[in-house]
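So this one's work_36.pdb, PDB, C-alpha atoms:
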```pdb
ATOM      1  CA  MET H   1     121.985 115.124 103.432
ATOM      2  CA  PRO H   2     119.179 114.313 100.946
ATOM      3  CA  ARG H   3     116.204 116.675 100.766
ATOM      4  CA  LEU H   4     112.509 115.779 100.602
ATOM      5  CA  LEU H   5     109.881 118.163  99.237
ATOM      6  CA  CYS H   6     106.349 117.457 100.481
ATOM      7  CA  PHE H   7     103.665 119.026  98.306
ATOM      8  CA  GLY H   8     100.064 118.993  99.457
ATOM      9  CA  ASP H   9      97.140 120.712 101.118
ATOM     10  CA  SER H  10      96.031 121.312 104.710
ATOM     11  CA  ASN H  11      96.925 117.750 105.679
ATOM     12  CA  THR H  12     100.510 118.449 104.631
ATOM     13  CA  TYR H  13     100.385 121.857 106.312
ATOM     14  CA  GLY H  14      99.214 120.272 109.572
ATOM     15  CA  THR H  15      95.714 121.716 110.051
ATOM     16  CA  GLN H  16      94.000 120.100 113.017
ATOM     17  CA  PRO H  17      90.516 118.567 112.725
ATOM     18  CA  LEU H  18      88.152 121.513 113.090
ATOM     19  CA  PRO H  19      85.164 121.360 115.459
ATOM     20  CA  ALA H  20      84.202 124.838 114.171
ATOM     21  CA  PHE H  21      85.351 127.115 111.357
ATOM     22  CA  ASP H  22      86.662 129.676 113.855
ATOM     23  CA  ALA H  23      88.274 127.131 116.184
ATOM     24  CA  GLY H  24      91.647 128.897 116.012
ATOM     25  CA  LEU H  25      93.628 125.720 116.633
ATOM     26  CA  PRO H  26      97.415 125.791 116.169
ATOM     27  CA  ARG H  27      99.145 123.874 113.404
ATOM     28  CA  ILE H  28     100.149 120.330 114.382
ATOM     29  CA  GLU H  29     103.863 120.434 115.161
ATOM     30  CA  ARG H  30     104.589 116.775 114.464
ATOM     31  CA  ARG H  31     102.821 116.773 111.088
ATOM     32  CA  TRP H  32     103.523 113.860 108.780
ATOM     33  CA  PRO H  33     106.262 115.535 106.640
ATOM     34  CA  VAL H  34     108.215 116.403 109.797
ATOM     35  CA  VAL H  35     107.858 112.876 111.164
ATOM     36  CA  CYS H  36     108.838 111.412 107.797
ATOM     37  CA  ALA H  37     111.947 113.553 107.345
ATOM     38  CA  ASP H  38     113.054 112.876 110.922
ATOM     39  CA  ALA H  39     112.733 109.131 110.385
ATOM     40  CA  LEU H  40     114.652 109.318 107.114
ATOM     41  CA  GLU H  41     117.212 111.724 108.616
ATOM     42  CA  TRP H  42     116.721 113.962 105.569
ATOM     43  CA  GLU H  43     116.327 117.697 105.153
ATOM     44  CA  LEU H  44     112.735 118.822 104.605
ATOM     45  CA  THR H  45     111.019 121.415 102.437
ATOM     46  CA  GLU H  46     107.297 121.785 103.198
ATOM     47  CA  GLU H  47     104.780 123.030 100.635
ATOM     48  CA  GLY H  48     101.416 122.454 102.274
ATOM     49  CA  LEU H  49      98.696 124.945 101.370
ATOM     50  CA  PRO H  50      95.238 124.602 102.957
ATOM     51  CA  GLY H  51      92.629 124.450 100.194
ATOM     52  CA  ARG H  52      95.021 123.364  97.433
ATOM     53  CA  THR H  53      93.561 121.135  94.706
ATOM     54  CA  THR H  54      95.209 118.960  92.080
ATOM     55  CA  ALA H  55      94.265 121.225  89.167
ATOM     56  CA  ARG H  56      91.298 123.424  90.054
ATOM     57  CA  PRO H  57      91.350 127.175  90.627
ATOM     58  CA  CYS H  58      88.909 127.731  93.461
ATOM     59  CA  PRO H  59      86.099 130.263  92.928
ATOM     60  CA  ILE H  60      86.006 130.846  96.678
ATOM     61  CA  MET H  61      89.647 130.659  97.829
ATOM     62  CA  GLY H  62      91.347 131.855  94.652
ATOM     63  CA  PRO H  63      93.187 130.706  91.501
ATOM     64  CA  HIS H  64      96.384 130.015  93.428
ATOM     65  CA  MET H  65      94.754 126.894  94.897
ATOM     66  CA  ASP H  66      95.430 125.155  91.569
ATOM     67  CA  GLY H  67      98.142 122.590  92.281
ATOM     68  CA  ARG H  68      99.584 122.911  88.800
ATOM     69  CA  ILE H  69     100.587 126.502  89.533
ATOM     70  CA  GLY H  70     101.875 125.622  92.973
ATOM     71  CA  LEU H  71     104.002 122.697  91.845
ATOM     72  CA  PHE H  72     105.744 124.695  89.133
ATOM     73  CA  ILE H  73     106.522 127.411  91.684
ATOM     74  CA  ALA H  74     107.683 124.945  94.354
ATOM     75  CA  LEU H  75     110.021 123.095  92.012
ATOM     76  CA  GLU H  76     111.391 126.322  90.580
ATOM     77  CA  SER H  77     111.931 128.024  93.950
ATOM     78  CA  HIS H  78     113.366 125.144  96.012
ATOM     79  CA  GLY H  79     116.143 122.736  95.485
ATOM     80  CA  PRO H  80     117.980 120.789  94.690
ATOM     81  CA  ILE H  81     115.695 118.040  95.986
ATOM     82  CA  ASP H  82     116.170 114.286  95.979
ATOM     83  CA  ALA H  83     112.549 113.226  96.367
ATOM     84  CA  LEU H  84     109.078 114.734  95.974
ATOM     85  CA  ALA H  85     106.026 113.424  97.815
ATOM     86  CA  ILE H  86     102.690 114.585  96.397
ATOM     87  CA  MET H  87      99.505 114.092  98.431
ATOM     88  CA  LEU H  88      96.544 115.972  96.974
ATOM     89  CA  GLY H  89      92.956 115.317  95.966
ATOM     90  CA  THR H  90      90.891 115.822  99.115
ATOM     91  CA  ASN H  91      89.775 119.369  98.252
ATOM     92  CA  ASP H  92      88.838 118.332  94.721
ATOM     93  CA  PHE H  93      85.889 116.466  96.269
ATOM     94  CA  LYS H  94      84.240 119.692  97.391
ATOM     95  CA  ALA H  95      80.720 119.642  96.005
ATOM     96  CA  HIS H  96      81.064 122.872  94.018
ATOM     97  CA  PHE H  97      83.830 121.374  91.834
ATOM     98  CA  GLU H  98      81.588 118.489  90.717
ATOM     99  CA  ALA H  99      84.736 116.466  89.976
ATOM    100  CA  SER H 100      84.802 112.698  89.653
ATOM    101  CA  ALA H 101      87.525 110.469  91.058
ATOM    102  CA  GLU H 102      88.559 109.685  87.487
ATOM    103  CA  GLN H 103      89.034 113.382  86.708
ATOM    104  CA  ILE H 104      91.003 113.956  89.896
ATOM    105  CA  ALA H 105      93.287 111.014  89.142
ATOM    106  CA  GLU H 106      93.952 112.321  85.632
ATOM    107  CA  ASP H 107      94.839 115.697  87.116
ATOM    108  CA  VAL H 108      97.257 114.212  89.617
ATOM    109  CA  GLY H 109      98.838 112.398  86.673
ATOM    110  CA  PHE H 110      99.536 115.801  85.146
ATOM    111  CA  LEU H 111     101.332 116.817  88.348
ATOM    112  CA  LEU H 112     103.522 113.751  87.991
ATOM    113  CA  ASP H 113     104.257 114.769  84.409
ATOM    114  CA  ILE H 114     105.424 118.172  85.650
ATOM    115  CA  ALA H 115     107.749 116.493  88.141
ATOM    116  CA  LEU H 116     109.088 114.081  85.532
ATOM    117  CA  SER H 117     109.626 116.727  82.872
ATOM    118  CA  GLU H 118     113.138 117.144  81.527
ATOM    119  CA  ASP H 119     113.305 120.754  82.709
ATOM    120  CA  MET H 120     112.405 119.937  86.304
ATOM    121  CA  GLN H 121     114.555 116.835  86.505
ATOM    122  CA  SER H 122     117.542 118.698  85.072
ATOM    123  CA  LYS H 123     117.105 121.624  87.453
ATOM    124  CA  HIS H 124     117.410 119.316  90.460
ATOM    125  CA  GLY H 125     119.943 116.882  89.036
ATOM    126  CA  GLY H 126     117.280 114.177  89.012
ATOM    127  CA  PHE H 127     114.802 113.333  91.778
ATOM    128  CA  GLU H 128     112.247 110.654  92.588
ATOM    129  CA  PRO H 129     108.567 111.657  92.673
ATOM    130  CA  PHE H 130     106.235 109.641  94.887
ATOM    131  CA  LEU H 131     102.441 109.746  94.780
ATOM    132  CA  ILE H 132     100.382 109.380  97.952
ATOM    133  CA  ALA H 133      96.627 108.835  97.775
ATOM    134  CA  PRO H 134      94.934 110.617 100.690
ATOM    135  CA  PRO H 135      92.408 108.713 102.820
ATOM    136  CA  ALA H 136      88.854 109.217 101.597
ATOM    137  CA  PRO H 137      87.078 112.267 103.030
ATOM    138  CA  PHE H 138      83.559 111.868 104.358
ATOM    139  CA  GLU H 139      80.657 114.119 105.244
ATOM    140  CA  THR H 140      80.530 115.171 108.879
ATOM    141  CA  GLY H 141      80.913 118.179 111.168
ATOM    142  CA  VAL H 142      81.482 121.670 109.824
ATOM    143  CA  PHE H 143      82.283 120.417 106.300
ATOM    144  CA  ILE H 144      79.212 118.207 105.915
ATOM    145  CA  ASP H 145      77.659 120.366 103.182
ATOM    146  CA  GLU H 146      80.893 121.416 101.488
ATOM    147  CA  PHE H 147      81.891 117.797 100.923
ATOM    148  CA  GLU H 148      78.469 116.388 100.118
ATOM    149  CA  GLY H 149      78.868 113.143  98.172
ATOM    150  CA  ALA H 150      82.625 112.934  98.785
ATOM    151  CA  LYS H 151      82.689 109.556 100.504
ATOM    152  CA  SER H 152      80.999 107.686  97.672
ATOM    153  CA  LYS H 153      82.974 109.473  94.945
ATOM    154  CA  ALA H 154      86.311 108.857  96.656
ATOM    155  CA  ARG H 155      85.783 105.120  97.085
ATOM    156  CA  ASN H 156      88.063 104.085  94.211
ATOM    157  CA  LEU H 157      90.482 107.026  94.254
ATOM    158  CA  ALA H 158      93.449 105.005  95.534
ATOM    159  CA  ALA H 159      93.154 102.463  92.730
ATOM    160  CA  LEU H 160      92.945 105.231  90.141
ATOM    161  CA  TYR H 161      96.007 106.958  91.634
ATOM    162  CA  ALA H 162      97.898 103.684  91.617
ATOM    163  CA  ALA H 163      97.179 103.328  87.899
ATOM    164  CA  GLU H 164      98.468 106.835  87.177
ATOM    165  CA  ALA H 165     101.644 106.110  89.121
ATOM    166  CA  GLU H 166     102.140 102.782  87.371
ATOM    167  CA  LYS H 167     101.834 104.409  83.931
ATOM    168  CA  ARG H 168     104.804 106.586  84.817
ATOM    169  CA  ASP H 169     106.797 104.056  86.860
ATOM    170  CA  VAL H 170     106.417 106.220  89.953
ATOM    171  CA  GLY H 171     106.240 104.896  93.505
ATOM    172  CA  PHE H 172     102.722 104.855  94.980
ATOM    173  CA  PHE H 173     101.518 104.769  98.583
ATOM    174  CA  ASP H 174      97.915 104.526  99.777
ATOM    175  CA  ALA H 175      97.617 106.552 102.994
ATOM    176  CA  GLY H 176      94.150 105.104 103.522
ATOM    177  CA  THR H 177      95.700 101.743 104.409
ATOM    178  CA  MET H 178      97.319 103.337 107.448
ATOM    179  CA  ILE H 179      95.057 106.152 108.644
ATOM    180  CA  SER H 180      91.584 107.671 108.293
ATOM    181  CA  CYS H 181      90.322 111.226 108.333
ATOM    182  CA  SER H 182      89.124 112.436 111.711
ATOM    183  CA  ASP H 183      85.537 111.873 112.825
ATOM    184  CA  VAL H 184      85.579 115.518 113.964
ATOM    185  CA  ASP H 185      85.426 117.026 110.455
ATOM    186  CA  GLY H 186      85.883 114.175 107.966
ATOM    187  CA  ILE H 187      88.856 115.664 106.092
ATOM    188  CA  HIS H 188      91.774 116.380 108.454
ATOM    189  CA  PHE H 189      94.169 114.081 110.342
ATOM    190  CA  ASP H 190      94.670 114.103 114.100
ATOM    191  CA  ALA H 191      98.118 114.109 115.694
ATOM    192  CA  ALA H 192      98.253 110.326 116.057
ATOM    193  CA  ALA H 193      97.416 109.861 112.380
ATOM    194  CA  HIS H 194     100.168 112.293 111.366
ATOM    195  CA  GLU H 195     102.680 110.314 113.413
ATOM    196  CA  THR H 196     101.559 107.007 111.901
ATOM    197  CA  LEU H 197     101.523 108.327 108.345
ATOM    198  CA  GLY H 198     104.903 110.037 108.627
ATOM    199  CA  ARG H 199     106.621 106.866 109.769
ATOM    200  CA  ALA H 200     104.860 104.767 107.137
ATOM    201  CA  VAL H 201     105.827 107.138 104.317
ATOM    202  CA  ALA H 202     109.435 107.140 105.527
ATOM    203  CA  ASP H 203     109.501 103.330 105.400
ATOM    204  CA  PHE H 204     107.939 103.412 101.939
ATOM    205  CA  ILE H 205     110.440 105.943 100.561
ATOM    206  CA  SER H 206     113.350 104.015 102.041
ATOM    207  CA  SER H 207     112.201 100.771 100.465
ATOM    208  CA  GLU H 208     111.572 102.435  97.095
ATOM    209  CA  ILE H 209     115.036 103.965  97.046
ATOM    210  CA  GLU H 210     116.667 100.693  98.049
ATOM    211  CA  ARG H 211     114.893  98.945  95.167
ATOM    212  CA  GLY H 212     116.341 101.563  92.832
TER     213      GLY H 212
END
```

Written as structure tokens, how would this file's structure read?
Amino acid sequence: MPRLLCFGDSNTYGTQPLPAFDAGLPRIERRWPVVCADALEWELTEEGLPGRTTARPCPIMGPHMDGRIGLFIALESHGPIDALAIMLGTNDFKAHFEASAEQIAEDVGFLLDIALSEDMQSKHGGFEPFLIAPPAPFETGVFIDEFEGAKSKARNLAALYAAEAEKRDVGFFDAGTMISCSDVDGIHFDAAAHETLGRAVADFISSEIERG
């Protein structure tokens, strides 16, 4: 059975929209990677880390939030895999990073380069990386200050991600065409959105593989 590795942040992990920082809500069981793998009838490896960025060590949460470190570790410690789905970028819009959408897109391009490297491809016997642009975060609820300015900066992120994917002939999917972040906190997905996204990503991966 083929294996899918999903690499992302809290929205890959399954964090619920948070009405308060100490809400203590359980992880969403039917998170989008689970839904996707079930629909594909594939095995699943999940690498969702709340707080993870594309390429930024976090001064608050720690250097291990840097997606470059995480992706190397994930690809070295799991496998073999047949496909890799990367969905990152939301946390890069935190105000303290002062990152532009253009910078974030360039950084996600570096993650694709890691996945496409000869070493990583050889280790897994070849696999298909897919890039997913997350829906744009927006300022509301408990994260209103932390993500100040995120909505306006993220406006063209999907187009920039699409360009990075096209440069490398990698399949691209815009999650923002299917779902939105929750009105509760502006960054996380509710259970219905996870279900919708998981099925949509499964359809996308199936069609990409069929096209060869």

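The closest residue to Gly141 in chain H, picked from H:Glu41, H:Asp183, H:Glu210, H:Asp203 and counting all atoms listed in the file, is H:Asp183.
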
- Message: Applying 12 Å and all atoms listed in the file, which residues near Ala163 in chain H remain after dropping the ones on its own chain fewer than 3 positions away? List them as a VMD selection string.
- Response: chain H and resid 102 105 to 106 108 to 109 131 133 156 to 160 166 to 174

Would you compute the box with edges along x, y and z of the file around range 150-163 of chain H, including every atom the file lists for it and 6 Å extra on each side, and give its centre and edge lengths in Å to one decimal, as JSON?
```
{"center_x": 89.4, "center_y": 107.7, "center_z": 94.2, "size_x": 28.9, "size_y": 22.5, "size_z": 24.6}
```

- Could you list the residues chosen by the PyMOL selection byres ((chain H and resi 93) around 9) in this structure as a PyMOL selection string? chain H and resi 89-92+94-101+104+137+146-151+153-154

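Of note, CA of Met120 in chain H and CA of His194 in chain H are spaced 28.9 Å apart.
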
- Using the chain letters and numbers from the file, which residues does the PyMOL selection byres ((chain H and resi 191) around 10) grab, as a PyMOL selection string? chain H and resi 14-17+28-32+182+188-190+192-197

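The smallest atom-to-atom distance between Leu4 in chain H and any of H:Leu18, H:Leu112, H:Ala175, H:Ala37, using all atoms listed in the file, is found for H:Ala37.
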
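Residues within 7 Å of Ile86 in chain H, counting all atoms listed in the file and excluding same-chain residues fewer than 5 positions away, are Cys6, Phe7, Gly8, Phe130, Leu131 and Ile132 of chain H.
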
Can you write just those residues out, C-alpha atoms, as a compact mmCIF listing (two decimals), in the coordinates of the input?
```txt
# COMPACT_ATOMS: atom_id res chain seq x y z
CA CYS H 6 106.35 117.46 100.48
CA PHE H 7 103.66 119.03 98.31
CA GLY H 8 100.06 118.99 99.46
CA PHE H 130 106.24 109.64 94.89
CA LEU H 131 102.44 109.75 94.78
CA ILE H 132 100.38 109.38 97.95
```
